[in-house]
Every structure is written in C-alpha cells, then in structure tokens.
Amino acid sequence: MVDLKTKGRPDFLLFTLTLVLVFFGLLMIYSASSKVTIMDSRYNYDSLYFFKKQMTWILAGVAVMFTAMKMNYHFFRKMIVPLMLLSITFLVLVLFIGSTINGAQSWINLGPMSFQPTEFAKIVVLIYLANIISKKEEKFLNFKVGLLPVLLVIAFYTFLIYKQPDLGACLILLLASAIIIFVGGASFKHVITLGGIGVIGAVAIAMYFLGGQGGYRSSRFTAFLNPLGDPTNTGYQLLNSYYALGHGGVFGTGFGDGVQKIVLPFSYNDFILAVVGEEFGFVGITVFLLVYFAFILRGIQVSLRSKSNFGMLLGIGISSLIAVQAVINIGGVVGLMPITGVTLPLISYGGTSLLITMFSLGILLSISRDRDKEVKETKKTTRTKKTTQPAERVPRINRAY
C-alpha cells in the first residue's frame with residue numbers, strides 16, 4: 001500500500017516561480033486580447049473575455065496542483081495501468097468525435113468546456129517511462145528486454161497523436177521521452193543509434209515538406225524559410241511577430257500599449273512572447289526568459305535531489321516536457337523553428353494545457369516534499385545518535401591532521 005499523503009515542505013523557490021509565471025501569463029493574456037475582444041461581437045465586446053476564462057482555469061489549476069502536491073507521488077506509478085487505458089481511450093475517441101481547430105482534430109467538447117487528450121497523454125507517458133525504467137534497472141541496457149518495449153509504447157502514443165494530426169505534440173513527446181531514456185541509463189550505443197535515426201527522420205520530413213506534399217504544414221515550413229515569400233498568408237504570423245519584437249526596441253512600449261497584437265493572430269496564445277517583447281522590450285523579454293530558465297533549472301535540481309529513481313526520472317521528465325515545449329514555442333516566435341501551434345507553458349491562453357501543466361508541477365512539488373521529509377528524518381536521527389551515544393575520543397596524535 002502506498003500512503004496517499006506525503007509530509008515535508010514543498011520547494012519554496014519552485015512553488016513561487018510557478019505562481020509568478022502563471023499570474024504574469026494572466027496579465028499578458030489580458031494585454032494581448034483585450035483590444036481585440038472589445039471590438040468583436042463573438043466575445044460580447046468584453047475586454048476581459050479571455051482574462052476571466054483563464055482566471056477560472058488558473059483557480060482550477062491551483063487546486064489541482066495543491067492536490068497533487070499533497071499526495072505521495074508513488075501513488076501515480078501504482079495507477080499507471082488505468083491511467084494508460086484512460087489516456088488511450090481519449091486519444092482514440094478524439095479521432096471520431098473530436099472537434100477540429102486550426103487543422104487538428106484534437107479537442108473533445110464537454111458542454112461549455114473542451115478537453116485536449118494529448119496533454120493528458122503526455123504526462124501519462126512520462127509516468128510510464130519513469131516507472132518502467134526505474135523497475136528494469138540494469139535490464140534497461142538490454143535492447144530487446146529493456147528499451148524495445150518502451151520504444152513501442154512511445155511509438156503507439158505518437159501514432160495516435162499524429163493521426164489528429166498534431167506534429168508539435170508528437171515532437172514534444174518524442175524529445176521529452178528521449179531525455180528520460182538517456183537519463184534513465186540507456187546504452188550509449190542505443191542512444192547514438194536512435195539519435196541517428198531521429199536525424200535521418202527529421203531530414204526526410206524536411207524534404208517531404210519542401211516538396212510541397214505536406215499540405216498546410218509544407219506552407220508553414222516554407223514560410224519559416226522565407227516569410228517574405230508569402231507575406232499576406234503563410235508568412236503573415238511570423239512577419240507580424242518580427243514587427244512586434246522590433247517595435248518593442250530596448251525597453252518596450254509599456255504594458256498594454258503594444259499595437260501589433262491587434263493584427264497578430266493568436267497573440268494571446270501561440271505568439272504571446274511577441275507581445276511580451278513589444279511591451280517590455282529586449283530588457284523585459286530577457287528578464288522574463290531568465291526567470292523562466294530559473295524555473296526550469298529549479299525543477300531539474302528538485303528532481304536530481306530525489307533519492308527515488310522513479311521520482312528523479314519523473315521529475316526530469318516533467319521539467320523536460322515544459323522546457324522542450326517552451327523552446328519550440330520561443331523558436332517559432334523568433335523564427336528559429338517552423339511554427340507548430342505549440343503554446344508557451346504557464347503563459348499562453350489554454351485551459352487543458354494549463355491544468356495538466358500545473359498538475360505535473362504538483363507532482364514535482366510532491367517529489368520535493370518527499371525529499372524534505374527525508375532530510376528532516378536524517379537530521380533527527382543524527383541528533384538522536386549524538387545525544388544517546390558518547391562522542392568517540394580522538395587520539396591526540398591525530399588531532400593535528
């Protein structure tokens with residue numbers, strides 16, 4: 001039996017940085033959306049439309065985070081089979097009854113709200129990987145017994161997500177999984193081989209898109225290479241992102257005073273970083289990225305301090321998942337990567353993404369609580385030994401050394 005509750009204090013810095021980023025994101029969503037929604041009848045001319053919806057999700061996210069934080073994270077490894085069955089069921093259902101938004105059939109409507117099964121599936125895969133790798137230990141070095149079953153599960157989930165199709169989510173899942181596999185101690189030979197296959201696959205996909213056979217994804221790829229080639233269509237988003245970042249200059253226009261967000265599609269979602277850059281400038285966006293980097297780094301530090309292999313791998317997986325998604329989003333906004341429609345975790349508008357991310361961070365905080373409990377128990381044991389056992393005399397001849 002696994003105790004459903006864990007003791008110890010959560011990591012204060014990680015907890016604080018999480019809330020800082022969440023509420024900064026809320027302010028930026030208001031700034032990015034208010035001037036658009038107040039002029040649009042679809043949003044009842046309400047400047048607070050997205051702000052209020054995101055605030056509702058934040059309150060739900062905080063509740064979920066606190067719940068996960070107070071639970072013993074080992075409980076989730078005991079529930080991995082039902083969690084996997086549930087996530088696979090959702091991924092299959094969305095292919096038949098899902099709603100299509102921006103070219104991907106990724107959403108299941110639940111009355112007044114919608115749910116994105118992919119976000120749930122990603123954290124379930126991380127729990128599975130952390131659980132199976134920590135159980136296999138040395139057997140994980142063996143390809144057939146250790147690594148192959150893991151790769152088949154990842155491939156199955158990736159296939160279901162690809163069928164929506166959501167290439168951005170596929171890429172995030174594959175990269176985060178690769179990090180856990182590497183940290184989990186996979187054979188270096190296997191890692192190099194898989195890395196080579198990945199590079200070949202990436203080149204093949206790039207050639208496929210360049211050949212114009214990937215539909216609107218090919219257009220996105222060519223727009224990434226040359227946004228000026230189609231400035232009013234496929235290159236429109238990226239060019240307006242450039243204009244926003246350029247208009248911000250060194251110190252920005254000031255909070256709420258950006259103008260590019262009015263014409264920049266999904267400025268409160270995929271391109272919210274462009275709004276940050278315009279309104280706070282190079283200095284502001286640098287400070288923001290440093291805070292975000294500190295948040296990721298703290299998550300990794302918390303993970304590495306865990307004495308449980310499962311806790312360490314799961315924490316690394318959660319931190320990697322957020323980091324990979326952030327890099328892909330930022331890369332798309334500044335033109336270093338093709339636009340994939342990936343949101344910036346904790347900052348962009350989006351209910352399911354925020355809820356699952358905060359749930360994941362609750363698990364990470366639970367890992368930190370477990371570590372804090374171990375430290376306290378160790379100190380208590382040490383003090384007990386000191387008070388009950390006389391200190392050994394140190395020979396005088398050894399005191400000088």
# chains A, B, ... in the order shown; residues from 1 in each chain; ligands from 1
call {"tool": "residues_around", "arguments": {"residues": "range 19-22 of chain A", "least_positions_apart": "3", "cutoff": "9 Å", "atoms": "only C-alpha atoms", "output": "MDAnalysis selection string"}}
result
chainID A and resid 14:16 25:27 58 62 288 291:292 295 345:347 354
call {"tool": "write_last_selection", "arguments": {"atoms": "N, CA and C atoms", "output": "mmCIF file, in the first residue's frame"}}
result
data_model
loop_
_atom_site.group_PDB
_atom_site.id
_atom_site.type_symbol
_atom_site.label_atom_id
_atom_site.label_comp_id
_atom_site.auth_asym_id
_atom_site.auth_seq_id
_atom_site.Cartn_x
_atom_site.Cartn_y
_atom_site.Cartn_z
ATOM 1 N N LEU A 14 10.601 26.793 -6.298
ATOM 2 C CA LEU A 14 9.842 26.259 -7.429
ATOM 3 C C LEU A 14 8.377 26.662 -7.334
ATOM 4 N N PHE A 15 7.814 26.580 -6.147
ATOM 5 C CA PHE A 15 6.421 26.968 -5.915
ATOM 6 C C PHE A 15 6.205 28.444 -6.253
ATOM 7 N N THR A 16 7.118 29.300 -5.793
ATOM 8 C CA THR A 16 6.992 30.739 -6.024
ATOM 9 C C THR A 16 7.133 31.086 -7.497
ATOM 10 N N GLY A 25 1.524 35.422 -16.857
ATOM 11 C CA GLY A 25 0.835 34.978 -18.059
ATOM 12 C C GLY A 25 -0.587 35.508 -18.122
ATOM 13 N N LEU A 26 -1.267 35.533 -16.986
ATOM 14 C CA LEU A 26 -2.639 36.050 -16.935
ATOM 15 C C LEU A 26 -2.676 37.527 -17.346
ATOM 16 N N LEU A 27 -1.734 38.298 -16.846
ATOM 17 C CA LEU A 27 -1.667 39.725 -17.205
ATOM 18 C C LEU A 27 -1.389 39.906 -18.696
ATOM 19 N N ILE A 58 -6.991 28.989 -13.999
ATOM 20 C CA ILE A 58 -5.903 29.130 -13.021
ATOM 21 C C ILE A 58 -6.360 28.657 -11.643
ATOM 22 N N VAL A 62 -4.608 25.689 -9.729
ATOM 23 C CA VAL A 62 -4.016 25.805 -8.391
ATOM 24 C C VAL A 62 -4.566 24.713 -7.476
ATOM 25 N N PHE A 288 12.363 38.080 -18.439
ATOM 26 C CA PHE A 288 11.353 37.024 -18.437
ATOM 27 C C PHE A 288 11.980 35.661 -18.736
ATOM 28 N N VAL A 291 13.949 34.324 -15.806
ATOM 29 C CA VAL A 291 13.064 33.779 -14.767
ATOM 30 C C VAL A 291 12.551 32.410 -15.196
ATOM 31 N N TYR A 292 12.196 32.289 -16.462
ATOM 32 C CA TYR A 292 11.693 31.008 -16.980
ATOM 33 C C TYR A 292 12.793 29.947 -16.916
ATOM 34 N N PHE A 295 13.180 28.777 -13.421
ATOM 35 C CA PHE A 295 12.068 27.878 -13.109
ATOM 36 C C PHE A 295 12.367 26.451 -13.595
ATOM 37 N N PRO A 345 4.143 27.138 -22.059
ATOM 38 C CA PRO A 345 3.570 26.639 -20.800
ATOM 39 C C PRO A 345 3.490 27.701 -19.706
ATOM 40 N N LEU A 346 2.341 27.748 -19.038
ATOM 41 C CA LEU A 346 2.012 28.645 -17.923
ATOM 42 C C LEU A 346 1.758 30.085 -18.362
ATOM 43 N N ILE A 347 2.093 30.428 -19.607
ATOM 44 C CA ILE A 347 1.967 31.817 -20.053
ATOM 45 C C ILE A 347 0.832 31.976 -21.062
ATOM 46 N N LEU A 354 -2.845 24.368 -19.344
ATOM 47 C CA LEU A 354 -2.533 24.946 -18.038
ATOM 48 C C LEU A 354 -2.844 23.961 -16.921
#
call {"tool": "select_by_dssp", "arguments": {"residues": "range 175-398 of chain A", "states": "helix (DSSP H, G or I)", "output": "PyMOL selection string"}}
result
chain A and resi 175-183+188-210+216-225+227-229+236-248+260-262+272-304+309-334+351-388+396-398
call {"tool": "residues_around", "arguments": {"residues": "Phe51 in chain A", "least_positions_apart": "5", "cutoff": "9 Å", "atoms": "only C-alpha atoms", "output": "PyMOL selection string"}}
result
chain A and resi 26-27+29-31+33-34+56+349
call {"tool": "residues_around", "arguments": {"residues": "range 312-326 of chain A", "least_positions_apart": "6", "cutoff": "7 Å", "atoms": "only C-alpha atoms", "output": "ChimeraX atom specification"}}
result
/A:126-127,130,172,176,180,184,296,299-300,303-304,306,342,344-345,360,364
call {"tool": "atom_distance", "arguments": {"atom1": "CA of Gln301 in chain A", "atom2": "CA of Val327 in chain A"}}
result
19.1 Å
call {"tool": "residues_around", "arguments": {"residues": "range 257-261 of chain A", "least_positions_apart": "4", "cutoff": "7 Å", "atoms": "only C-alpha atoms", "output": "list in words"}}
result
Ala32, Asn240, Ala244, Thr253, Ser267, Val275, Glu278 and Glu279 of chain A
call {"tool": "residues_around", "arguments": {"residues": "range 131-144 of chain A", "least_positions_apart": "2", "cutoff": "8 Å", "atoms": "only C-alpha atoms", "output": "PDB file with C-alpha atoms, in the first residue's frame"}}
result
ATOM      1  CA  ARG A  77       3.014   4.624 -10.529  1.00  0.00           C
ATOM      2  CA  ILE A 127       4.840   8.415 -15.551  1.00  0.00           C
ATOM      3  CA  TYR A 128       5.002   5.153 -17.517  1.00  0.00           C
ATOM      4  CA  LEU A 129       8.601   5.755 -18.612  1.00  0.00           C
ATOM      5  CA  GLY A 146      14.595  -3.123 -21.761  1.00  0.00           C
ATOM      6  CA  LEU A 147      14.483  -0.461 -24.465  1.00  0.00           C
ATOM      7  CA  LEU A 148      12.373  -2.047 -27.227  1.00  0.00           C
ATOM      8  CA  PRO A 149       9.111  -2.360 -25.207  1.00  0.00           C
ATOM      9  CA  VAL A 150       9.489   1.274 -24.137  1.00  0.00           C
ATOM     10  CA  ILE A 181      15.571   7.375 -21.766  1.00  0.00           C
ATOM     11  CA  GLY A 184      17.497   6.561 -17.260  1.00  0.00           C
ATOM     12  CA  GLY A 185      20.752   4.937 -18.331  1.00  0.00           C
ATOM     13  CA  ALA A 186      20.083   3.541 -21.783  1.00  0.00           C
ATOM     14  CA  SER A 187      23.092   2.064 -23.544  1.00  0.00           C
ATOM     15  CA  HIS A 190      21.457   2.590 -28.390  1.00  0.00           C
ATOM     16  CA  ASN A 309      14.905   6.671  -9.170  1.00  0.00           C
ATOM     17  CA  PHE A 310      11.232   6.892 -10.065  1.00  0.00           C
ATOM     18  CA  LEU A 313      13.136  10.301 -13.663  1.00  0.00           C
TER      19      LEU A 313
END
call {"tool": "closest_residue", "arguments": {"among": "A:Phe66, A:Met337, A:Leu83, A:Gly256", "to": "Pro10 in chain A", "atoms": "only C-alpha atoms"}}
result
A:Phe66
call {"tool": "closest_residue", "arguments": {"among": "A:Ile88, A:Ile200, A:Val145, A:Val183", "to": "Leu160 in chain A", "atoms": "only C-alpha atoms"}}
result
A:Ile88
call {"tool": "closest_residue", "arguments": {"among": "A:Val191, A:Ala60, A:Ala223, A:Ile363", "to": "Gly235 in chain A", "atoms": "only C-alpha atoms"}}
result
A:Ala223
call {"tool": "residues_around", "arguments": {"residues": "Leu228 in chain A", "least_positions_apart": "3", "cutoff": "12 Å", "atoms": "only C-alpha atoms", "output": "count of residues only"}}
result
15
call {"tool": "select_by_dssp", "arguments": {"residues": "range 62-311 of chain A", "states": "strand (DSSP E or B)", "output": "PyMOL selection string"}}
result
chain A and resi 71+99-101+104-110+113-115
